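Source file work_32.txt; content: compact mmCIF, C-alpha atoms and all ligand atoms.
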# COMPACT_ATOMS: atom_id res chain seq x y z
CA MET A 1 0.00 0.00 0.00
CA THR A 2 1.22 3.49 -0.66
CA HIS A 3 1.24 6.61 1.42
CA GLU A 4 -0.92 8.34 -1.16
CA THR A 5 -3.91 6.09 -0.38
CA GLY A 6 -3.72 7.32 3.19
CA ARG A 7 -4.16 3.77 4.49
CA LEU A 8 -1.17 1.96 5.92
CA PRO A 9 -0.77 -1.34 7.74
CA SER A 10 -0.58 -0.71 11.48
CA ASP A 11 3.12 -1.69 11.70
CA GLU A 12 3.90 1.08 9.23
CA VAL A 13 1.74 3.57 11.10
CA ARG A 14 3.57 2.68 14.32
CA GLY A 15 6.98 3.02 12.64
CA MET A 16 5.94 6.36 11.19
CA PHE A 17 4.91 7.73 14.59
CA ASP A 18 8.12 6.37 16.16
CA ARG A 19 10.06 8.40 13.58
CA ILE A 20 8.13 11.66 13.91
CA ALA A 21 7.96 11.58 17.75
CA PRO A 22 10.83 14.10 18.18
CA VAL A 23 9.08 16.76 16.06
CA TYR A 24 5.45 15.84 16.72
CA ASP A 25 4.63 18.53 19.31
CA VAL A 26 6.40 21.30 17.39
CA MET A 27 4.62 20.36 14.16
CA ASN A 28 1.26 20.30 15.95
CA ARG A 29 1.70 23.78 17.36
CA ALA A 30 2.97 25.10 14.01
CA MET A 31 0.23 23.47 11.89
CA THR A 32 -2.58 24.74 14.12
CA ALA A 33 -1.10 28.11 15.15
CA GLY A 34 -1.18 26.82 18.73
CA LEU A 35 -4.95 26.10 18.71
CA ASP A 36 -4.54 22.34 19.19
CA GLN A 37 -4.21 22.64 22.97
CA ARG A 38 -7.43 24.65 23.14
CA TRP A 39 -9.27 21.92 21.18
CA ARG A 40 -7.95 19.28 23.58
CA ARG A 41 -9.22 21.35 26.53
CA LEU A 42 -12.67 21.64 24.92
CA ALA A 43 -12.82 17.89 24.29
CA VAL A 44 -11.93 17.08 27.89
CA ARG A 45 -14.49 19.57 29.27
CA GLU A 46 -17.26 17.80 27.37
CA VAL A 47 -16.73 14.37 28.93
CA VAL A 48 -14.40 14.35 31.97
CA TRP A 49 -15.41 15.15 35.56
CA PRO A 50 -13.20 15.19 38.66
CA GLY A 51 -12.59 11.66 39.93
CA ASP A 52 -13.46 9.99 36.60
CA ARG A 53 -11.42 7.02 35.40
CA VAL A 54 -10.33 8.18 31.95
CA LEU A 55 -8.73 6.36 29.03
CA ASP A 56 -6.96 8.49 26.43
CA ALA A 57 -6.45 6.09 23.52
CA CYS A 58 -3.83 6.85 20.83
CA CYS A 59 -2.37 9.24 23.40
CA GLY A 60 0.83 9.97 21.47
CA THR A 61 3.03 12.43 23.36
CA GLY A 62 0.31 12.76 25.98
CA ASP A 63 -1.18 16.25 25.71
CA LEU A 64 -4.85 15.18 25.77
CA ALA A 65 -4.25 12.76 28.66
CA ILE A 66 -2.54 15.58 30.57
CA GLU A 67 -5.57 17.85 29.98
CA ALA A 68 -7.83 15.09 31.34
CA GLU A 69 -5.67 14.82 34.45
CA ARG A 70 -5.77 18.61 34.93
CA ARG A 71 -9.55 18.31 34.89
CA GLY A 72 -9.32 15.87 37.83
CA GLY A 73 -9.44 12.54 36.02
CA LYS A 74 -7.45 9.43 36.99
CA VAL A 75 -5.93 8.85 33.60
CA VAL A 76 -4.52 5.98 31.57
CA GLY A 77 -2.84 6.93 28.27
CA LEU A 78 -2.48 4.20 25.66
CA ASP A 79 -0.47 4.16 22.45
CA PHE A 80 1.35 1.56 20.36
CA SER A 81 4.36 3.78 19.55
CA GLU A 82 7.08 3.44 22.17
CA ARG A 83 8.85 6.63 21.00
CA MET A 84 5.65 8.69 21.41
CA LEU A 85 5.11 7.16 24.86
CA GLU A 86 8.67 8.04 25.91
CA ARG A 87 7.83 11.69 25.31
CA ALA A 88 4.57 11.32 27.23
CA ARG A 89 6.37 9.72 30.19
CA ASN A 90 8.75 12.68 30.32
CA LYS A 91 5.79 15.05 30.61
CA SER A 92 3.88 13.29 33.41
CA GLY A 93 4.90 10.74 36.01
CA THR A 94 1.40 10.43 37.47
CA ILE A 95 -0.50 9.24 34.40
CA ASP A 96 -0.41 5.50 33.77
CA TRP A 97 1.17 5.21 30.27
CA VAL A 98 0.41 1.87 28.63
CA ARG A 99 1.77 0.42 25.41
CA GLY A 100 -1.06 -1.28 23.55
CA ASP A 101 -3.30 -1.47 20.51
CA ALA A 102 -6.45 0.64 20.38
CA LEU A 103 -8.07 -2.14 18.33
CA ALA A 104 -7.59 -4.68 21.15
CA LEU A 105 -7.62 -2.61 24.35
CA PRO A 106 -6.03 -4.39 27.31
CA PHE A 107 -8.90 -3.38 29.63
CA SER A 108 -12.08 -5.02 30.92
CA ASP A 109 -15.57 -4.11 29.79
CA GLY A 110 -16.92 -0.96 31.45
CA GLU A 111 -13.63 0.05 33.13
CA PHE A 112 -13.77 3.77 32.32
CA ASP A 113 -16.11 6.70 32.97
CA ALA A 114 -14.75 8.58 29.96
CA VAL A 115 -12.70 7.79 26.88
CA THR A 116 -10.93 10.37 24.71
CA VAL A 117 -9.05 10.13 21.42
CA GLY A 118 -7.21 13.07 19.88
CA PHE A 119 -6.30 12.88 16.20
CA GLY A 120 -5.95 9.10 16.49
CA VAL A 121 -9.01 7.35 15.01
CA ARG A 122 -8.04 8.43 11.49
CA ASN A 123 -5.03 6.12 11.74
CA LEU A 124 -6.94 2.99 12.75
CA ASP A 125 -6.87 0.04 10.35
CA ASP A 126 -10.42 -0.77 11.36
CA LEU A 127 -12.31 2.40 12.33
CA GLU A 128 -15.58 0.65 13.19
CA GLY A 129 -13.77 -1.99 15.25
CA GLY A 130 -11.90 0.81 17.06
CA LEU A 131 -15.14 2.63 17.93
CA ARG A 132 -16.63 -0.63 19.25
CA GLU A 133 -13.56 -1.08 21.48
CA LEU A 134 -13.97 2.43 22.93
CA HIS A 135 -17.63 1.62 23.59
CA ARG A 136 -16.76 -1.71 25.24
CA VAL A 137 -14.38 -0.25 27.84
CA LEU A 138 -16.82 2.53 28.84
CA ARG A 139 -19.24 1.93 31.70
CA PRO A 140 -22.94 2.33 30.86
CA GLY A 141 -23.54 6.09 30.96
CA GLY A 142 -19.83 6.76 30.26
CA LYS A 143 -18.85 9.32 27.64
CA VAL A 144 -16.58 9.44 24.62
CA ALA A 145 -14.94 12.46 22.95
CA VAL A 146 -13.03 12.18 19.69
CA LEU A 147 -11.13 15.02 18.02
CA GLU A 148 -10.22 14.54 14.39
CA ILE A 149 -9.13 16.59 11.41
CA THR A 150 -11.81 17.06 8.80
CA ARG A 151 -11.95 18.87 5.47
CA PRO A 152 -13.71 22.23 5.77
CA ARG A 153 -16.42 23.27 3.36
CA GLY A 154 -16.99 26.81 2.18
CA LEU A 155 -14.65 29.77 2.31
CA LEU A 156 -11.78 28.13 4.16
CA ARG A 157 -11.55 25.19 1.79
CA PRO A 158 -8.97 26.60 -0.69
CA PHE A 159 -6.81 27.90 2.17
CA PHE A 160 -6.96 24.52 3.90
CA ARG A 161 -5.99 22.74 0.66
CA LEU A 162 -2.97 24.96 0.19
CA TRP A 163 -1.94 24.51 3.80
CA PHE A 164 -2.62 20.83 4.13
CA ASP A 165 -1.94 19.42 0.68
CA VAL A 166 1.05 21.59 -0.23
CA LEU A 167 2.73 23.28 2.75
CA VAL A 168 2.43 20.48 5.33
CA PRO A 169 3.95 17.77 3.08
CA PHE A 170 6.64 20.26 2.04
CA ALA A 171 7.50 20.94 5.71
CA GLY A 172 7.63 17.17 6.20
CA LYS A 173 10.30 16.84 3.53
CA VAL A 174 12.73 18.90 5.57
CA LEU A 175 11.91 17.20 8.88
CA PRO A 176 12.72 13.70 10.12
CA GLY A 177 9.96 11.18 9.36
CA GLY A 178 8.94 13.28 6.34
CA LYS A 179 6.70 10.60 4.81
CA ALA A 180 4.27 11.07 7.68
CA TYR A 181 3.38 14.49 6.39
CA THR A 182 2.57 13.11 2.96
CA TYR A 183 0.43 10.45 4.59
CA LEU A 184 -1.38 13.04 6.76
CA PRO A 185 -3.36 14.85 4.00
CA ALA A 186 -4.08 11.54 2.24
CA SER A 187 -5.43 10.03 5.45
CA VAL A 188 -7.71 13.04 5.98
CA ARG A 189 -8.94 12.81 2.38
CA ARG A 190 -10.12 9.23 2.77
CA PHE A 191 -11.60 9.72 6.26
CA PRO A 192 -15.41 10.02 6.62
CA GLY A 193 -16.85 13.53 6.94
CA PRO A 194 -18.40 14.56 10.28
CA GLU A 195 -21.95 13.38 9.44
CA ASP A 196 -20.75 9.96 8.32
CA LEU A 197 -18.46 9.66 11.32
CA ALA A 198 -21.38 10.47 13.63
CA ALA A 199 -23.35 7.65 11.95
CA LEU A 200 -20.46 5.25 12.61
CA PHE A 201 -20.49 6.24 16.29
CA ALA A 202 -24.19 5.42 16.41
CA SER A 203 -23.60 2.04 14.72
CA ALA A 204 -20.91 1.27 17.30
CA GLY A 205 -23.64 1.67 19.96
CA PHE A 206 -23.20 5.27 21.17
CA GLN A 207 -26.25 7.38 21.99
CA GLY A 208 -26.74 11.14 21.82
CA VAL A 209 -23.96 11.47 19.27
CA ARG A 210 -23.20 15.09 18.45
CA TYR A 211 -20.39 16.93 16.80
CA ARG A 212 -19.13 20.47 16.65
CA LEU A 213 -16.67 21.95 14.21
CA LEU A 214 -13.62 23.84 15.42
CA GLY A 215 -10.73 25.62 13.75
CA GLY A 216 -12.89 27.13 10.99
CA GLY A 217 -14.33 23.69 10.22
CA SER A 218 -10.98 21.90 9.95
CA VAL A 219 -11.43 19.86 13.15
CA ALA A 220 -14.47 17.90 14.36
CA LEU A 221 -15.19 17.08 17.99
CA HIS A 222 -17.60 14.12 18.27
CA THR A 223 -19.15 13.14 21.58
CA GLY A 224 -21.50 10.37 22.62
CA THR A 225 -22.62 8.22 25.53
CA ARG A 226 -22.70 4.49 26.13
CA PRO A 227 -26.39 3.82 26.87
CA LYS A 228 -27.31 2.78 30.44
C1 LIG B 1 -1.68 11.99 15.40
S1 LIG B 1 -1.14 11.18 16.85
C2 LIG B 1 -2.18 11.86 18.11
C3 LIG B 1 -1.54 11.94 19.47
C4 LIG B 1 -2.32 12.63 20.57
N1 LIG B 1 -3.56 11.96 20.86
C5 LIG B 1 -2.58 14.08 20.29
O1 LIG B 1 -3.67 14.56 20.64
O2 LIG B 1 -1.70 14.76 19.78
C6 LIG B 1 -1.86 9.58 16.62
C7 LIG B 1 -1.35 8.55 17.62
O3 LIG B 1 -2.13 7.36 17.46
C8 LIG B 1 -1.30 6.25 17.68
N2 LIG B 1 -1.96 5.07 17.12
C9 LIG B 1 -2.37 4.90 15.84
N3 LIG B 1 -2.97 3.70 15.69
C10 LIG B 1 -2.92 3.12 16.92
C11 LIG B 1 -3.39 1.87 17.43
N4 LIG B 1 -4.00 0.97 16.64
N5 LIG B 1 -3.21 1.60 18.74
C12 LIG B 1 -2.58 2.49 19.55
N6 LIG B 1 -2.10 3.69 19.13
C13 LIG B 1 -2.29 3.99 17.83
C14 LIG B 1 0.02 6.64 17.03
O4 LIG B 1 1.12 5.90 17.52
C15 LIG B 1 0.11 8.12 17.39
O5 LIG B 1 0.84 8.32 18.58
In structure tokens, what does this structure look like?
Amino acid sequence: MTHETGRLPSDEVRGMFDRIAPVYDVMNRAMTAGLDQRWRRLAVREVVWPGDRVLDACCGTGDLAIEAERRGGKVVGLDFSERMLERARNKSGTIDWVRGDALALPFSDGEFDAVTVGFGVRNLDDLEGGLRELHRVLRPGGKVAVLEITRPRGLLRPFFRLWFDVLVPFAGKVLPGGKAYTYLPASVRRFPGPEDLAALFASAGFQGVRYRLLGGGSVALHTGTRPK
């Protein structure tokens, strides 16, 4: 499979994130003009309450998990890239950082009050299977929040295309792990739009699924509840 299809076997995705780990945070801040941390805060506020047991799946370098802990959650961060987890461990010694696969979560049914995923579900080999796993580990009444890049409609669309399809891959060429930034726009292109993604949440068993668009429509925040 090629990077242009935006779909890679999970070993390649893991290798790619291992390689970009050293520049991941800097690229995030640069690509979003620093707004990414605000989006993570909004996601956490929707679903996490003090004392909640929280899973942040596909936690990467840990920023969303850290936001959930700031909100008062007892947090587990899970990722399959050891290099990303190393960075996360350096940021927080109180979060439980676990190496594992989001498609086969090493947790019992109903273990968490809230589950978050930031910019991770787009990379899953099996999106529907991944959503079912998130649903499985939530207790009845527990809540999910998923942040993901989406392609804006309307006025911002040409600007987004220039930024995402031209400038981001170009920046990737001069940074370590450059292929990742070719893969990034392709993976967004093949990913379901917000309405379709909401429908997939509902098929995975979530109730009250809603989404809001952030960043001028370039990011979607989906939330839902595991029915009681
Ligand atoms: C774009 S990063 C997002 C990191 C972080 N959540 C954030 O908000 O910046 C995607 C992360 O998902 C992880 N990932 C992708 N597929 C995974 C899987 N099947 N199981 C566990 N982690 C996965 C990658 O290793 C990477 O760290």
Go through chain A and flag each residue having an atom no more than 8 Å from ligand LIG 1 (chain B); for those, report the closest pair of atoms plus their distance in Å to one decimal, using only C-alpha atoms and all ligand atoms, ordered by chain and rising number, as CSV.
residue,atom,partner,partner_atom,distance
A:Ser10,CA,B:LIG1,N4,6.4
A:Val13,CA,B:LIG1,C9,6.4
A:Arg14,CA,B:LIG1,O4,5.2
A:Met16,CA,B:LIG1,O4,8.0
A:Phe17,CA,B:LIG1,O4,5.1
A:Asp18,CA,B:LIG1,O4,7.1
A:Ala21,CA,B:LIG1,O5,7.9
A:Tyr24,CA,B:LIG1,O2,7.9
A:Asp25,CA,B:LIG1,O2,7.4
A:Asn28,CA,B:LIG1,O2,7.4
A:Asp36,CA,B:LIG1,O1,8.0
A:Arg40,CA,B:LIG1,O1,7.0
A:Asp56,CA,B:LIG1,N1,7.4
A:Ala57,CA,B:LIG1,C12,6.6
A:Cys58,CA,B:LIG1,O3,3.8
A:Cys59,CA,B:LIG1,N1,3.9
A:Gly60,CA,B:LIG1,O5,3.3
A:Thr61,CA,B:LIG1,C3,6.0
A:Gly62,CA,B:LIG1,C4,6.0
A:Asp63,CA,B:LIG1,O1,5.9
A:Leu64,CA,B:LIG1,O1,5.3
A:Ala65,CA,B:LIG1,N1,7.9
A:Leu78,CA,B:LIG1,C12,6.3
A:Asp79,CA,B:LIG1,N6,3.7
A:Phe80,CA,B:LIG1,C12,4.1
A:Ser81,CA,B:LIG1,O4,4.4
A:Glu82,CA,B:LIG1,O4,7.9
A:Met84,CA,B:LIG1,O5,5.6
A:Leu85,CA,B:LIG1,O5,7.7
A:Arg99,CA,B:LIG1,C12,7.6
A:Gly100,CA,B:LIG1,C12,5.7
A:Asp101,CA,B:LIG1,N5,3.5
A:Ala102,CA,B:LIG1,N5,3.8
A:Leu103,CA,B:LIG1,N4,5.4
A:Val117,CA,B:LIG1,N1,5.8
A:Gly118,CA,B:LIG1,O1,3.9
A:Phe119,CA,B:LIG1,C2,4.7
A:Gly120,CA,B:LIG1,C6,4.1
A:Val121,CA,B:LIG1,N3,7.1
A:Arg122,CA,B:LIG1,C9,8.0
A:Asn123,CA,B:LIG1,C9,5.0
A:Leu124,CA,B:LIG1,N3,5.0
A:Asp125,CA,B:LIG1,N4,7.0
A:Gly130,CA,B:LIG1,N4,7.9
A:Leu147,CA,B:LIG1,O1,7.9
Handout entry: Distance query Ser218 (chain A) at most 10 Å, all atoms listed in the file, self and fewer than 6 positions along chain excluded, as a PyMOL selection string
Key = chain A and resi 32+148-153+156-157+160
Exercise for the section: Tell me, in Å to one decimal, how far CA of Arg212 (chain A) is from CA of Ala198 (chain A). Expected result: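 Atom-to-atom, CA of Arg212 (chain A) to CA of Ala198 (chain A), that is 10.7 Å.
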Exercise for the section: Record the distance separating CA of Gly193 (chain A) and CA of Tyr211 (chain A), expressed in Å with one decimal. Expected result: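 Pair CA of Gly193 (chain A) / CA of Tyr211 (chain A) returns 11.0 Å.
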Problem - Which residue of A:Val54, A:Asp165, A:Pro9, A:Lys173 approaches Arg189 (chain A) most closely, using all atoms listed in the file - result: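 Of A:Val54, A:Asp165, A:Pro9, A:Lys173, the one nearest Arg189 (chain A) is A:Asp165, counting all atoms listed in the file.
Between CA of Ala30 (chain A) and CA of Pro169 (chain A) there is a distance of 13.2 Å.
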Taking every listed atom of region 72-79 of chain A and adding 3 Å to each side, what centre and edge lengths in Å (one decimal) does the axis-aligned box have, as JSON?
{"center_x": -5.0, "center_y": 10.0, "center_z": 30.1, "size_x": 15.0, "size_y": 17.7, "size_z": 21.4}
Practice task
Name the closest residue to Gly72 (chain A) among the candidates A:Leu214, A:Val26, A:Val44, A:Val98; distances are taken between atoms, counting only C-alpha atoms.
Solution key: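 Nearest candidate to Gly72 (chain A) out of A:Leu214, A:Val26, A:Val44, A:Val98: A:Val44.
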Skip Val168 (chain A) itself and residues of its chain fewer than 3 positions away, then list as a PDB file with C-alpha atoms, in the coordinates of the input all residues within 8 Å of it, counting only C-alpha atoms.
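File written: selection_3.pdb
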ATOM      1  CA  MET A  31       0.230  23.470  11.890  1.00  0.00           C
ATOM      2  CA  TRP A 163      -1.940  24.510   3.800  1.00  0.00           C
ATOM      3  CA  PHE A 164      -2.620  20.830   4.130  1.00  0.00           C
ATOM      4  CA  ASP A 165      -1.940  19.420   0.680  1.00  0.00           C
ATOM      5  CA  ALA A 171       7.500  20.940   5.710  1.00  0.00           C
ATOM      6  CA  GLY A 172       7.630  17.170   6.200  1.00  0.00           C
ATOM      7  CA  TYR A 181       3.380  14.490   6.390  1.00  0.00           C
ATOM      8  CA  THR A 182       2.570  13.110   2.960  1.00  0.00           C
TER       9      THR A 182
END
Practice task
Select, from A:Ala43, A:Val75, A:Arg226, A:Ala204, the residue with the minimum atom-to-atom distance to Gly110 (chain A), counting all atoms listed in the file.
Solution key: A:Arg226
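Using only C-alpha atoms, the smallest distance between any of A:Val174, A:Leu138, A:Leu184, A:Ala88 and Thr225 (chain A) comes from A:Leu138.
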Handout entry: Distance query Gln207 (chain A) at most 12 Å, all atoms listed in the file, self and fewer than 5 positions along chain excluded, as a PyMOL selection string
Key = chain A and resi 135+140-144+198-202+222-228
Exercise for the section: Find, counting only C-alpha atoms, the residue in A:Glu86, A:Leu213, A:Glu12, A:Trp97 that gets nearest to Trp39 (chain A). Expected result: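 Of the candidates, the smallest distance to Trp39 (chain A) is held by A:Leu213.
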Problem - Test item: residues at most 9 Å from Arg41 (chain A), all atoms listed in the file, excluding those fewer than 4 positions along its chain, as a list in words - result: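 The contact residues come out as Asp36, Gln37, Arg45, Glu46, Leu64, Glu67, Ala68 and Arg71 of chain A.
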Can you take the partial region 50-68 of chain A, add N, CA and C atoms, and return it as a short mmCIF file (atom, residue, chain, number, x, y, z; two decimals), keeping the file's coordinate frame?
data_model
loop_
_atom_site.label_atom_id
_atom_site.label_comp_id
_atom_site.auth_asym_id
_atom_site.auth_seq_id
_atom_site.Cartn_x
_atom_site.Cartn_y
_atom_site.Cartn_z
N PRO A 50 -14.17 15.55 37.64
CA PRO A 50 -13.20 15.19 38.66
C PRO A 50 -13.49 13.80 39.24
N GLY A 51 -12.45 13.01 39.37
CA GLY A 51 -12.59 11.66 39.93
C GLY A 51 -12.86 10.58 38.89
N ASP A 52 -13.18 10.97 37.66
CA ASP A 52 -13.46 9.99 36.60
C ASP A 52 -12.23 9.14 36.29
N ARG A 53 -12.48 7.86 35.98
CA ARG A 53 -11.42 7.02 35.40
C ARG A 53 -11.47 7.28 33.89
N VAL A 54 -10.35 7.73 33.36
CA VAL A 54 -10.33 8.18 31.95
C VAL A 54 -9.29 7.39 31.17
N LEU A 55 -9.69 6.92 29.99
CA LEU A 55 -8.73 6.36 29.03
C LEU A 55 -8.53 7.36 27.91
N ASP A 56 -7.27 7.73 27.65
CA ASP A 56 -6.96 8.49 26.43
C ASP A 56 -6.26 7.52 25.48
N ALA A 57 -7.00 7.06 24.46
CA ALA A 57 -6.45 6.09 23.52
C ALA A 57 -5.73 6.82 22.39
N CYS A 58 -4.68 6.20 21.84
CA CYS A 58 -3.83 6.85 20.83
C CYS A 58 -3.26 8.14 21.42
N CYS A 59 -2.73 8.04 22.63
CA CYS A 59 -2.37 9.24 23.40
C CYS A 59 -1.16 9.97 22.86
N GLY A 60 -0.32 9.30 22.04
CA GLY A 60 0.83 9.97 21.47
C GLY A 60 1.74 10.54 22.55
N THR A 61 2.12 11.80 22.40
CA THR A 61 3.03 12.43 23.36
C THR A 61 2.29 12.93 24.61
N GLY A 62 1.00 12.65 24.70
CA GLY A 62 0.31 12.76 25.98
C GLY A 62 -0.48 14.02 26.27
N ASP A 63 -0.58 14.96 25.34
CA ASP A 63 -1.18 16.25 25.71
C ASP A 63 -2.66 16.16 26.11
N LEU A 64 -3.41 15.29 25.43
CA LEU A 64 -4.85 15.18 25.77
C LEU A 64 -5.01 14.49 27.12
N ALA A 65 -4.21 13.45 27.36
CA ALA A 65 -4.25 12.76 28.66
C ALA A 65 -3.92 13.74 29.79
N ILE A 66 -2.95 14.61 29.54
CA ILE A 66 -2.54 15.58 30.57
C ILE A 66 -3.69 16.57 30.85
N GLU A 67 -4.40 16.97 29.79
CA GLU A 67 -5.57 17.85 29.98
C GLU A 67 -6.62 17.14 30.84
N ALA A 68 -6.81 15.84 30.58
CA ALA A 68 -7.83 15.09 31.34
C ALA A 68 -7.42 14.99 32.81
#
